[in-house]
Every structure is written in structure tokens, then in C-alpha cells.
Amino acid sequence: MKKLTKLPVATGIVLFAVCSGSALAHTQSGVLGNTTSSGTKTDKYVVECSGGTHHLQIQVRDKKTAPELGTKLTISAVNGTAAACTASSTDNTDTDGLYSAIASCDGGDGDYVMSVVKPAWTANGKETYIAQFHCEDAAGNHTETVFSQIQNQ
Ligand SMILES: [Ca+2]
Ligand SMILES: [Ca+2]
């Protein structure tokens, strides 16, 4: 740790890597669309963040396993309670195996609606994704995260 504290830039990279790969993070795989559709498709989830939560963090990764599409997938979250918030993040690079940038919806505890969207495309086909998300308190510690899917397209 002493070496890390002497290299703040490196420390930040290490902490980010630990966070994004943490067993505490919640991930969910899904498929949007099929071989006979070209239109917009949306998967929706309800994410319930326990008391003490400050925000919900979200990211999405386009898995791009051939013969999938060149469309860019976007994940978004809204919280319609008193502390309303919206957040979204798009995976702009299909083939890098990386998640989109972290987006944070600062809506406190309660239910968030999280969506993953495949926009309309010129050809029929499907997109496979992994959504990564977690509820956190103001200090960035994970809080209890429970989720269920409410729409599957
Ligand atoms: Ca894609
Ligand atoms: Ca990517």
C-alpha cells in the first residue's frame, strides 16, 4: 500500500479496476432483438437500493459476438422519488471488451428503473450485453442491491 500511496495516478487505476471487477458489483446479461427485427429494443429492470444509499452506478458492455450489429448500446437509470435523478452511458466501442463509462444517478435509496436500449438499425439482428450496476452510499461503499427484470425485448 505504501507504494500505491506514493503513486496517486496508479492508485486510482488500481481502485477502478478493483471496483469494476468486484464480486460486490451486480451484473446481468441480456439479449436485445432477434434475427427478424431491426427496430429499437429495450430491456428494463427495477433496482432496489437499501436505506443509506446515495446513488446507483451503471455501466453497459456490448459483447459484440458475431454476427451482432454495429449499433451502440445505452444504459440509463431514473429514480422518480423526491430525490429524482437520471443518468445514462453508451458503450461507443463494440469490440474492446470494455464497459462504457460509469454513470451515477444520485437518487438516494428506493427503486430505480434501469434500461438497456438497442437503437433501430439498418439490418435485422440481435445485440448481447452485460449490465453492471451497484447501489452505493455517499462514501462509495456498496449498499444492498436487489433487482428484477420487468421488460425483456
Ligand atoms: Ca453493437
Ligand atoms: Ca465496449
# chains A, B, ... in the order shown; residues from 1 in each chain; ligands from 1
>>> residues_around(residues="Ala139 of chain A", least_positions_apart="6", cutoff="12 Å", atoms="only C-alpha atoms", output="list in words")
Gly52, Thr53, His54 and His55 of chain A
>>> residues_near_ligand(ligand="ligand 1", cutoff="10 Å", atoms="only C-alpha atoms and all ligand atoms", output="MDAnalysis selection string")
chainID A and resid 61:73 91:95 118:119 126:129
>>> select_by_dssp(residues="segment 12-147 of chain A", states="alpha helix (DSSP H)", output="list in words")
Gly12, Ile13, Val14, Leu15, Phe16, Ala17, Val18, Cys19 and Ser20 of chain A
>>> residues_around(residues="Tyr112 of chain A", least_positions_apart="6", cutoff="6 Å", atoms="only C-alpha atoms", output="ChimeraX atom specification")
/A:46-47,78-79
>>> select_by_dssp(residues="chain A", states="strand (DSSP E)", output="PyMOL selection string")
chain A and resi 26-34+41-49+55-62+74-79+85-90+103-105+110-118+125-136+145-151
>>> atom_distance(atom1="atom CA of Thr143 of chain A", atom2="atom CA of Gly51 of chain A")
7.9 Å
>>> atom_distance(atom1="atom CA of Leu56 of chain A", atom2="atom CA of Phe133 of chain A")
7.0 Å
>>> closest_residue(among="A:Asn34, A:Ser100, A:Ser29, A:Thr86", to="ligand 2", atoms="only C-alpha atoms and all ligand atoms")
A:Ser100
>>> closest_residue(among="A:Gln132, A:Ser37, A:Gln149, A:Thr90", to="ligand 2", atoms="only C-alpha atoms and all ligand atoms")
A:Thr90
>>> closest_residue(among="A:Cys49, A:Thr74, A:Val113, A:Gly125", to="Ile150 of chain A", atoms="only C-alpha atoms")
A:Val113
>>> residues_around(residues="Ser89 of chain A", least_positions_apart="3", cutoff="8 Å", atoms="only C-alpha atoms", output="PyMOL selection string")
chain A and resi 58-60+74-76+100-103
>>> write_last_selection(atoms="C-alpha atoms", output="mmCIF file, in the first residue's frame")
data_model
loop_
_atom_site.group_PDB
_atom_site.id
_atom_site.type_symbol
_atom_site.label_atom_id
_atom_site.label_comp_id
_atom_site.auth_asym_id
_atom_site.auth_seq_id
_atom_site.Cartn_x
_atom_site.Cartn_y
_atom_site.Cartn_z
ATOM 1 C CA ILE A 58 -24.457 1.906 -14.034
ATOM 2 C CA GLN A 59 -22.359 0.717 -16.983
ATOM 3 C CA VAL A 60 -23.012 -1.470 -20.021
ATOM 4 C CA THR A 74 -27.024 2.645 -23.963
ATOM 5 C CA ILE A 75 -27.837 2.003 -20.319
ATOM 6 C CA SER A 76 -29.850 4.505 -18.322
ATOM 7 C CA SER A 100 -18.996 2.135 -21.004
ATOM 8 C CA ALA A 101 -18.103 4.971 -18.634
ATOM 9 C CA ILE A 102 -19.683 4.859 -15.187
ATOM 10 C CA ALA A 103 -22.812 6.983 -14.879
#
>>> decode(residues="segment 4-145 of chain A", atoms="C-alpha atoms", output="mmCIF file, in the first residue's frame")
data_model
loop_
_atom_site.group_PDB
_atom_site.id
_atom_site.type_symbol
_atom_site.label_atom_id
_atom_site.label_comp_id
_atom_site.auth_asym_id
_atom_site.auth_seq_id
_atom_site.Cartn_x
_atom_site.Cartn_y
_atom_site.Cartn_z
ATOM 1 C CA LEU A 4 0.418 2.835 -4.088
ATOM 2 C CA THR A 5 0.070 5.894 -1.865
ATOM 3 C CA LYS A 6 3.228 7.297 -3.459
ATOM 4 C CA LEU A 7 1.664 6.927 -6.910
ATOM 5 C CA PRO A 8 -1.783 8.521 -6.792
ATOM 6 C CA VAL A 9 -2.432 8.075 -10.517
ATOM 7 C CA ALA A 10 -1.620 4.363 -10.359
ATOM 8 C CA THR A 11 -3.697 4.035 -7.202
ATOM 9 C CA GLY A 12 -6.698 5.444 -8.995
ATOM 10 C CA ILE A 13 -6.330 2.919 -11.798
ATOM 11 C CA VAL A 14 -6.000 0.032 -9.360
ATOM 12 C CA LEU A 15 -9.036 1.147 -7.362
ATOM 13 C CA PHE A 16 -11.080 1.487 -10.544
ATOM 14 C CA ALA A 17 -10.083 -1.998 -11.677
ATOM 15 C CA VAL A 18 -10.964 -3.481 -8.296
ATOM 16 C CA CYS A 19 -14.305 -1.711 -8.260
ATOM 17 C CA SER A 20 -15.345 -2.692 -11.782
ATOM 18 C CA GLY A 21 -14.415 -6.323 -11.222
ATOM 19 C CA SER A 22 -15.656 -6.618 -7.665
ATOM 20 C CA ALA A 23 -17.753 -9.561 -6.602
ATOM 21 C CA LEU A 24 -19.924 -6.987 -4.870
ATOM 22 C CA ALA A 25 -20.905 -5.472 -8.184
ATOM 23 C CA HIS A 26 -24.065 -6.798 -9.777
ATOM 24 C CA THR A 27 -24.024 -7.885 -13.388
ATOM 25 C CA GLN A 28 -26.810 -9.022 -15.652
ATOM 26 C CA SER A 29 -26.515 -10.414 -19.168
ATOM 27 C CA GLY A 30 -29.216 -9.912 -21.745
ATOM 28 C CA VAL A 31 -30.097 -10.047 -25.430
ATOM 29 C CA LEU A 32 -31.894 -7.299 -27.337
ATOM 30 C CA GLY A 33 -33.673 -8.013 -30.607
ATOM 31 C CA ASN A 34 -33.529 -11.071 -32.850
ATOM 32 C CA THR A 35 -32.808 -12.193 -36.398
ATOM 33 C CA THR A 36 -36.178 -10.950 -37.690
ATOM 34 C CA SER A 37 -36.224 -7.455 -36.160
ATOM 35 C CA SER A 38 -34.387 -4.185 -36.840
ATOM 36 C CA GLY A 39 -36.293 -1.803 -34.540
ATOM 37 C CA THR A 40 -35.500 -0.302 -31.169
ATOM 38 C CA LYS A 41 -35.463 -2.838 -28.338
ATOM 39 C CA THR A 42 -35.371 -2.153 -24.595
ATOM 40 C CA ASP A 43 -34.775 -4.345 -21.556
ATOM 41 C CA LYS A 44 -35.915 -2.878 -18.249
ATOM 42 C CA TYR A 45 -35.079 -3.711 -14.656
ATOM 43 C CA VAL A 46 -36.106 -2.416 -11.257
ATOM 44 C CA VAL A 47 -33.090 -1.970 -8.989
ATOM 45 C CA GLU A 48 -33.917 -1.590 -5.311
ATOM 46 C CA CYS A 49 -31.266 0.227 -3.255
ATOM 47 C CA SER A 50 -31.388 -0.198 0.509
ATOM 48 C CA GLY A 51 -31.515 2.550 3.124
ATOM 49 C CA GLY A 52 -28.332 4.598 3.311
ATOM 50 C CA THR A 53 -27.886 4.574 -0.464
ATOM 51 C CA HIS A 54 -26.699 7.813 -2.063
ATOM 52 C CA HIS A 55 -26.598 6.766 -5.720
ATOM 53 C CA LEU A 56 -26.870 3.966 -8.266
ATOM 54 C CA GLN A 57 -23.903 3.475 -10.602
ATOM 55 C CA ILE A 58 -24.457 1.906 -14.034
ATOM 56 C CA GLN A 59 -22.359 0.717 -16.983
ATOM 57 C CA VAL A 60 -23.012 -1.470 -20.021
ATOM 58 C CA ARG A 61 -20.763 -3.628 -22.204
ATOM 59 C CA ASP A 62 -21.677 -4.553 -25.765
ATOM 60 C CA LYS A 63 -20.480 -8.140 -26.056
ATOM 61 C CA LYS A 64 -20.397 -7.990 -29.872
ATOM 62 C CA THR A 65 -20.259 -11.696 -30.556
ATOM 63 C CA ALA A 66 -20.647 -12.187 -34.306
ATOM 64 C CA PRO A 67 -22.927 -11.805 -36.163
ATOM 65 C CA GLU A 68 -24.177 -8.956 -33.987
ATOM 66 C CA LEU A 69 -24.793 -5.383 -35.034
ATOM 67 C CA GLY A 70 -22.821 -2.141 -35.120
ATOM 68 C CA THR A 71 -25.431 -0.373 -33.039
ATOM 69 C CA LYS A 72 -24.300 1.296 -29.821
ATOM 70 C CA LEU A 73 -25.997 0.155 -26.633
ATOM 71 C CA THR A 74 -27.024 2.645 -23.963
ATOM 72 C CA ILE A 75 -27.837 2.003 -20.319
ATOM 73 C CA SER A 76 -29.850 4.505 -18.322
ATOM 74 C CA ALA A 77 -31.412 4.818 -14.902
ATOM 75 C CA VAL A 78 -34.116 7.013 -13.420
ATOM 76 C CA ASN A 79 -35.370 7.463 -9.885
ATOM 77 C CA GLY A 80 -38.726 9.164 -9.641
ATOM 78 C CA THR A 81 -38.848 9.760 -5.900
ATOM 79 C CA ALA A 82 -38.241 13.040 -4.089
ATOM 80 C CA ALA A 83 -34.569 12.908 -4.984
ATOM 81 C CA ALA A 84 -35.263 12.443 -8.683
ATOM 82 C CA CYS A 85 -32.325 11.782 -10.985
ATOM 83 C CA THR A 86 -31.471 10.470 -14.427
ATOM 84 C CA ALA A 87 -28.216 9.034 -15.768
ATOM 85 C CA SER A 88 -27.110 7.299 -18.951
ATOM 86 C CA SER A 89 -23.983 5.826 -20.502
ATOM 87 C CA THR A 90 -23.294 4.492 -24.011
ATOM 88 C CA ASP A 91 -20.752 1.833 -24.991
ATOM 89 C CA ASN A 92 -19.203 3.520 -28.020
ATOM 90 C CA THR A 93 -16.749 0.719 -28.839
ATOM 91 C CA ASP A 94 -18.186 -2.699 -29.606
ATOM 92 C CA THR A 95 -15.061 -4.736 -29.866
ATOM 93 C CA ASP A 96 -12.858 -3.651 -26.950
ATOM 94 C CA GLY A 97 -14.409 -5.877 -24.293
ATOM 95 C CA LEU A 98 -14.724 -2.851 -22.008
ATOM 96 C CA TYR A 99 -17.681 -1.334 -20.240
ATOM 97 C CA SER A 100 -18.996 2.135 -21.004
ATOM 98 C CA ALA A 101 -18.103 4.971 -18.634
ATOM 99 C CA ILE A 102 -19.683 4.859 -15.187
ATOM 100 C CA ALA A 103 -22.812 6.983 -14.879
ATOM 101 C CA SER A 104 -24.280 7.829 -11.493
ATOM 102 C CA CYS A 105 -27.915 8.527 -10.649
ATOM 103 C CA ASP A 106 -27.883 10.330 -7.296
ATOM 104 C CA GLY A 107 -31.394 9.498 -6.139
ATOM 105 C CA GLY A 108 -30.892 8.124 -2.634
ATOM 106 C CA ASP A 109 -32.452 4.847 -1.546
ATOM 107 C CA GLY A 110 -35.505 3.228 -3.105
ATOM 108 C CA ASP A 111 -36.385 1.891 -6.540
ATOM 109 C CA TYR A 112 -34.616 2.846 -9.751
ATOM 110 C CA VAL A 113 -35.758 1.837 -13.234
ATOM 111 C CA MET A 114 -32.715 0.789 -15.280
ATOM 112 C CA SER A 115 -32.998 0.352 -19.065
ATOM 113 C CA VAL A 116 -30.669 -1.033 -21.735
ATOM 114 C CA VAL A 117 -31.525 0.154 -25.248
ATOM 115 C CA LYS A 118 -30.578 -1.090 -28.708
ATOM 116 C CA PRO A 119 -31.467 1.643 -31.222
ATOM 117 C CA ALA A 120 -33.019 0.839 -34.596
ATOM 118 C CA TRP A 121 -30.547 -0.461 -37.173
ATOM 119 C CA THR A 122 -30.495 -0.917 -40.948
ATOM 120 C CA ALA A 123 -30.341 -4.705 -40.670
ATOM 121 C CA ASN A 124 -32.100 -7.328 -38.599
ATOM 122 C CA GLY A 125 -30.182 -8.833 -35.720
ATOM 123 C CA LYS A 126 -29.560 -9.038 -32.020
ATOM 124 C CA GLU A 127 -27.209 -7.458 -29.505
ATOM 125 C CA THR A 128 -25.863 -9.170 -26.394
ATOM 126 C CA TYR A 129 -24.847 -7.090 -23.398
ATOM 127 C CA ILE A 130 -23.723 -7.174 -19.799
ATOM 128 C CA ALA A 131 -25.107 -4.504 -17.478
ATOM 129 C CA GLN A 132 -23.071 -3.731 -14.365
ATOM 130 C CA PHE A 133 -24.598 -1.728 -11.545
ATOM 131 C CA HIS A 134 -24.461 -1.169 -7.831
ATOM 132 C CA CYS A 135 -26.011 0.942 -5.117
ATOM 133 C CA GLU A 136 -23.509 2.896 -3.039
ATOM 134 C CA ASP A 137 -23.526 5.240 -0.062
ATOM 135 C CA ALA A 138 -22.030 8.747 -0.235
ATOM 136 C CA ALA A 139 -18.560 7.358 0.574
ATOM 137 C CA GLY A 140 -18.697 4.853 -2.302
ATOM 138 C CA ASN A 141 -19.339 1.773 -0.158
ATOM 139 C CA HIS A 142 -21.730 -0.777 -1.602
ATOM 140 C CA THR A 143 -25.211 -0.901 -0.143
ATOM 141 C CA GLU A 144 -27.693 -3.718 -0.593
ATOM 142 C CA THR A 145 -28.753 -4.088 -4.232
#
